[in-house]
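Enquirer: If it helps, the file is called structure.txt and holds compact mmCIF, C-alpha atoms:
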```txt
# COMPACT_ATOMS: atom_id res chain seq x y z
CA ARG A 1 -87.51 55.26 -212.93
CA THR A 2 -84.15 54.96 -214.68
CA SER A 3 -84.53 53.78 -218.25
CA TYR A 4 -83.37 54.43 -221.79
CA SER A 5 -86.97 54.75 -222.94
CA ASP A 6 -90.08 56.57 -221.77
CA GLY A 7 -93.54 55.19 -221.36
CA PRO A 8 -95.64 53.10 -218.95
CA VAL A 9 -94.39 49.86 -217.39
CA SER A 10 -96.61 47.10 -216.03
CA VAL A 11 -95.52 45.97 -212.56
CA SER A 12 -96.88 43.91 -209.71
CA PHE A 13 -97.91 45.79 -206.57
CA ARG A 14 -95.21 43.81 -204.78
CA GLU A 15 -92.58 45.42 -207.01
CA VAL A 16 -93.24 49.00 -205.93
CA GLN A 17 -93.60 50.89 -202.70
CA LEU A 18 -94.55 54.37 -201.56
CA HIS A 19 -91.88 56.96 -202.32
CA ARG A 20 -90.81 58.27 -198.93
CA PRO A 21 -87.65 59.03 -196.97
CA LEU A 22 -86.10 55.87 -195.53
CA VAL A 23 -84.31 55.53 -192.21
CA GLY A 24 -81.62 58.19 -191.98
CA GLY A 25 -83.38 60.36 -194.58
CA PHE A 26 -82.08 58.38 -197.57
CA PHE A 27 -84.10 57.37 -200.64
CA ILE A 28 -84.25 54.27 -202.82
CA ALA A 29 -81.71 54.43 -205.68
CA GLN A 30 -79.86 57.31 -203.99
CA ARG A 31 -76.12 57.32 -204.66
CA VAL A 32 -74.14 57.04 -201.44
CA GLN A 33 -70.59 56.32 -200.25
CA SER A 34 -69.30 54.34 -197.29
CA ALA A 35 -68.42 56.66 -194.42
CA MET A 36 -65.88 54.27 -192.91
CA ASN A 37 -64.22 50.95 -193.60
CA LEU A 38 -66.92 48.27 -193.28
CA ILE A 39 -65.60 45.21 -191.51
CA VAL A 40 -66.97 41.67 -191.38
CA GLY A 41 -65.05 39.56 -188.89
CA ASP A 42 -61.45 40.75 -189.26
CA ARG A 43 -61.74 41.64 -192.97
CA VAL A 44 -62.36 45.03 -194.55
CA VAL A 45 -65.06 44.25 -197.12
CA VAL A 46 -65.87 47.82 -198.20
CA ARG A 47 -63.34 50.63 -197.97
CA ALA A 48 -64.30 54.14 -196.91
CA GLY A 49 -65.32 56.23 -199.91
CA THR A 50 -66.63 53.29 -201.96
CA CYS A 51 -69.79 54.33 -203.79
CA GLY A 52 -73.05 52.43 -203.95
CA SER A 53 -76.82 52.71 -204.28
CA VAL A 54 -79.60 52.34 -201.72
CA LEU A 55 -81.75 49.33 -202.60
CA ALA A 56 -84.31 49.22 -199.80
CA GLU A 57 -85.04 49.69 -196.13
CA PHE A 58 -83.95 46.49 -194.41
CA SER A 59 -85.39 47.36 -190.99
CA ASP A 60 -86.23 50.40 -188.88
CA THR A 61 -82.51 50.87 -188.23
CA ARG A 62 -80.73 49.58 -191.36
CA LEU A 63 -80.64 50.11 -195.11
CA THR A 64 -79.72 47.62 -197.81
CA VAL A 65 -76.98 49.13 -199.98
CA THR A 66 -75.20 47.62 -202.97
CA PHE A 67 -71.64 48.91 -203.17
CA ASP A 68 -69.75 49.19 -206.44
CA CYS A 69 -67.08 46.69 -205.42
CA PRO A 70 -65.06 45.12 -208.25
CA THR A 71 -65.72 41.47 -208.98
CA ASP A 72 -62.21 40.46 -207.97
CA ALA A 73 -62.62 42.24 -204.62
CA ASN A 74 -65.81 40.28 -203.95
CA ASP A 75 -64.12 37.02 -204.85
CA ALA A 76 -61.09 37.84 -202.69
CA SER A 77 -63.24 38.50 -199.65
CA GLY A 78 -64.67 35.01 -199.79
CA SER A 79 -67.84 36.29 -198.16
CA GLY A 80 -70.17 35.93 -201.14
CA HIS A 81 -71.75 39.29 -200.36
CA ASN A 82 -71.54 40.61 -203.95
CA GLY A 83 -71.19 44.14 -202.60
CA CYS A 84 -74.60 44.13 -200.88
CA PHE A 85 -74.80 44.98 -197.16
CA ASN A 86 -77.36 45.98 -194.57
CA VAL A 87 -75.81 49.11 -193.07
CA LEU A 88 -76.61 51.67 -190.40
CA PRO A 89 -77.30 55.21 -191.68
CA MET A 90 -74.15 56.44 -189.91
CA GLU A 91 -72.08 54.06 -192.05
CA ILE A 92 -72.92 55.84 -195.31
CA ARG A 93 -73.04 59.39 -196.64
CA PRO A 94 -74.66 60.96 -199.68
CA TRP A 95 -72.44 61.05 -202.75
CA CYS A 96 -72.04 63.68 -205.44
CA GLU A 97 -69.28 64.78 -207.78
CA PRO A 98 -66.62 66.78 -205.89
CA PRO A 99 -65.95 70.38 -206.95
CA ALA A 100 -63.89 70.90 -210.07
CA ASP A 101 -61.04 72.48 -208.09
CA LEU A 102 -60.94 69.55 -205.61
CA PRO A 103 -61.41 66.48 -207.84
CA LEU A 104 -61.31 62.84 -206.82
CA GLY A 105 -57.81 61.93 -205.66
CA CYS A 106 -56.81 65.53 -205.04
CA SER A 107 -54.29 65.97 -202.22
CA VAL A 108 -55.46 68.56 -199.68
CA GLU A 109 -54.41 70.10 -196.37
CA VAL A 110 -56.72 71.26 -193.59
CA VAL A 111 -56.10 74.83 -192.42
CA VAL A 112 -57.83 74.63 -189.01
CA ASP A 113 -57.88 72.08 -186.20
CA LEU A 114 -60.87 69.74 -186.50
CA PHE A 115 -62.36 68.85 -183.12
CA GLY A 116 -64.64 66.08 -181.91
CA ALA A 117 -65.49 64.65 -178.50
CA SER A 118 -63.45 67.43 -176.80
CA ARG A 119 -60.22 66.55 -178.59
CA VAL A 120 -58.41 67.35 -181.80
CA LEU A 121 -59.30 64.79 -184.44
CA VAL A 122 -57.24 66.31 -187.24
CA PRO A 123 -54.66 69.02 -186.49
CA ALA A 124 -54.24 71.96 -188.85
CA GLY A 125 -51.71 71.13 -191.54
CA THR A 126 -52.69 67.46 -191.82
CA ARG A 127 -52.89 66.22 -195.38
CA GLY A 128 -55.55 64.00 -196.92
CA VAL A 129 -57.01 62.80 -200.19
CA VAL A 130 -60.47 63.61 -201.57
CA LEU A 131 -62.59 60.46 -201.91
CA GLY A 132 -65.74 62.13 -203.23
CA GLY A 133 -68.28 64.90 -202.79
CA VAL A 134 -70.97 65.02 -200.11
CA ASP A 135 -72.88 68.13 -201.20
CA GLU A 136 -72.16 71.48 -202.81
CA ALA A 137 -70.17 72.67 -199.81
CA GLN A 138 -68.47 69.51 -198.50
CA VAL A 139 -66.10 66.80 -199.67
CA PHE A 140 -65.29 63.44 -198.11
CA VAL A 141 -61.60 63.25 -197.18
CA ALA A 142 -59.32 60.49 -195.90
CA PHE A 143 -56.78 62.14 -193.59
CA GLU A 144 -53.43 60.57 -192.75
CA ALA A 145 -52.44 59.87 -189.15
CA CYS A 146 -50.29 62.30 -187.18
CA GLU A 147 -46.60 61.51 -187.15
CA ASP A 148 -46.54 61.59 -183.34
CA GLY A 149 -49.36 59.04 -183.19
CA ARG A 150 -51.77 61.32 -181.30
CA CYS A 151 -54.40 61.32 -184.05
CA PRO A 152 -55.22 58.20 -186.10
CA HIS A 153 -56.38 58.02 -189.71
CA ALA A 154 -59.73 59.76 -190.08
CA PHE A 155 -62.49 59.88 -192.70
CA LEU A 156 -64.30 63.23 -192.55
CA ALA A 157 -66.92 65.16 -194.45
CA VAL A 158 -65.31 68.60 -194.45
CA TYR A 159 -66.31 72.00 -195.77
CA VAL A 160 -64.15 72.94 -198.74
CA SER A 161 -63.54 76.36 -197.17
CA VAL A 162 -61.24 74.80 -194.53
CA LEU A 163 -59.16 72.92 -197.10
CA GLN A 164 -56.38 73.99 -199.40
CA LYS A 165 -55.06 72.05 -202.36
CA VAL A 166 -51.46 70.85 -202.20
CA SER A 167 -49.22 69.78 -205.03
CA SER A 168 -48.30 66.25 -203.92
CA GLU A 169 -50.42 63.47 -205.30
CA VAL A 170 -51.79 60.40 -203.55
CA ASP A 171 -52.14 57.06 -205.32
CA VAL A 172 -55.85 56.85 -206.10
CA ASP A 173 -57.35 54.40 -208.57
CA SER A 174 -60.68 55.63 -209.95
CA SER A 175 -62.69 54.13 -212.76
CA HIS A 176 -66.09 55.37 -213.91
CA SER A 177 -68.93 53.07 -214.76
CA GLY A 178 -71.71 53.85 -217.16
CA GLY A 179 -74.59 56.12 -216.33
CA GLY A 180 -73.35 59.68 -216.66
CA SER A 181 -71.55 60.95 -213.59
CA ALA A 182 -71.87 57.74 -211.57
CA PRO A 183 -68.67 57.24 -209.55
CA GLY A 184 -66.16 54.44 -209.91
CA VAL A 185 -66.53 51.01 -208.42
CA GLN A 186 -63.60 51.10 -206.03
CA ARG A 187 -61.15 53.66 -204.76
CA SER A 188 -57.76 52.41 -203.55
CA TYR A 189 -55.16 54.58 -201.92
CA THR A 190 -51.86 54.05 -200.18
CA TRP A 191 -53.28 55.17 -196.82
CA PRO A 192 -55.19 54.71 -194.61
CA SER A 193 -54.35 51.02 -194.27
CA THR A 194 -56.95 48.31 -193.85
CA ALA A 195 -57.26 49.17 -190.17
CA GLY A 196 -60.63 50.85 -190.09
CA GLY A 197 -63.62 51.78 -188.02
CA LYS A 198 -65.78 48.97 -186.77
CA ARG A 199 -69.27 48.99 -188.18
CA GLY A 200 -71.82 50.68 -186.01
CA LYS A 201 -69.46 52.97 -184.12
CA THR A 202 -71.16 56.26 -183.34
CA PRO A 203 -69.58 59.16 -185.23
CA GLY A 204 -68.33 62.21 -183.38
CA GLN A 205 -69.73 65.67 -183.98
CA LEU A 206 -67.43 68.54 -184.83
CA PRO A 207 -68.06 71.84 -183.08
CA ARG A 208 -68.12 75.11 -184.99
CA PRO A 209 -64.57 76.15 -185.94
CA PRO A 210 -63.56 79.79 -185.50
CA THR A 211 -64.56 80.98 -188.96
CA GLU A 212 -66.64 78.21 -190.49
CA ALA A 213 -70.00 76.49 -190.24
CA THR A 214 -70.39 73.19 -188.44
CA LEU A 215 -68.34 70.30 -189.84
CA VAL A 216 -69.86 66.85 -190.11
CA VAL A 217 -67.56 63.97 -189.22
CA VAL A 218 -67.32 60.21 -189.31
CA VAL A 219 -64.08 59.08 -187.74
CA ASP A 220 -62.23 55.89 -188.52
CA GLY A 221 -61.97 54.60 -184.94
CA ASN A 222 -58.70 52.93 -184.02
CA ASP A 223 -59.04 53.54 -180.28
```
Show me the file's structure as structure tokens.

Expert:
Amino acid sequence: RTSYSDGPVSVSFREVQLHRPLVGGFFIAQRVQSAMNLIVGDRVVVRAGTCGSVLAEFSDTRLTVTFDCPTDANDASGSGHNGCFNVLPMEIRPWCEPPADLPLGCSVEVVVDLFGASRVLVPAGTRGVVLGGVDEAQVFVAFEACEDGRCPHAFLAVYVSVLQKVSSEVDVDSSHSGGGSAPGVQRSYTWPSTAGGKRGKTPGQLPRPPTEATLVVVVDGND
């Protein structure tokens, strides 16, 4: 229960359910973030890194999540979704505050090649921007595309130990809503562009890099 007061509350049995892990291991009211651009038709309705909360288990394969999309973004989409979507577990990731030394909007550079599906997803030296935290050891990063076009934009959950902070800043708009450390409603950045991963695309798995633990990845598929 989240409330400003303590004490018992009278509810109907239809208003509660057994506390248990939902599909994908998520929980009701858990704070999450979109792991890729969510697309309806040809429109990006939720950008990667947008935070939200799990409302319920929609089916045995999907969760109902309400994303913290600004009112004007909802109106502009013309979809009438009000930030609420039934998503696959692979389309979201847990959210937490990023580390103090790699805050939201921090510009970073990866120091090792990141691999997936037997190819380099993000070469060493590629820069990105921190969109949020995943857990105590990982942050969610939007990486820019390679200049030679070999590697597209990518959204990855990366261990902080393979990142280094760089001085250049990326245009990130972050506003915090009420409720303590709850994240902002929408993050906008100059890249990646609206070209994003189609919903439901299976994420790749990163192998163990030379000196680090396994990296977890969701790639913005442009292939």

Enquirer: Which residue gives the smallest distance to Leu38 in chain A among A:Val112, A:Leu55, A:Lys165, A:Thr50, with all atoms listed in the file counted?

Expert: A:Thr50

Enquirer: For Cys146 in chain A, which of A:Arg127, A:His19, A:Arg14, A:Arg119 is the closest residue, counting all atoms listed in the file?

Expert: A:Arg127

Enquirer: To one decimal place, how far is CA of Arg31 in chain A from CA of Glu136 in chain A in Å?

Expert: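 Taking CA of Arg31 in chain A and CA of Glu136 in chain A, their separation equals 14.8 Å.
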
Enquirer: How many Å lie between CA of Val110 in chain A and CA of Gly128 in chain A, rounded to one decimal?

Expert: 8.1 Å
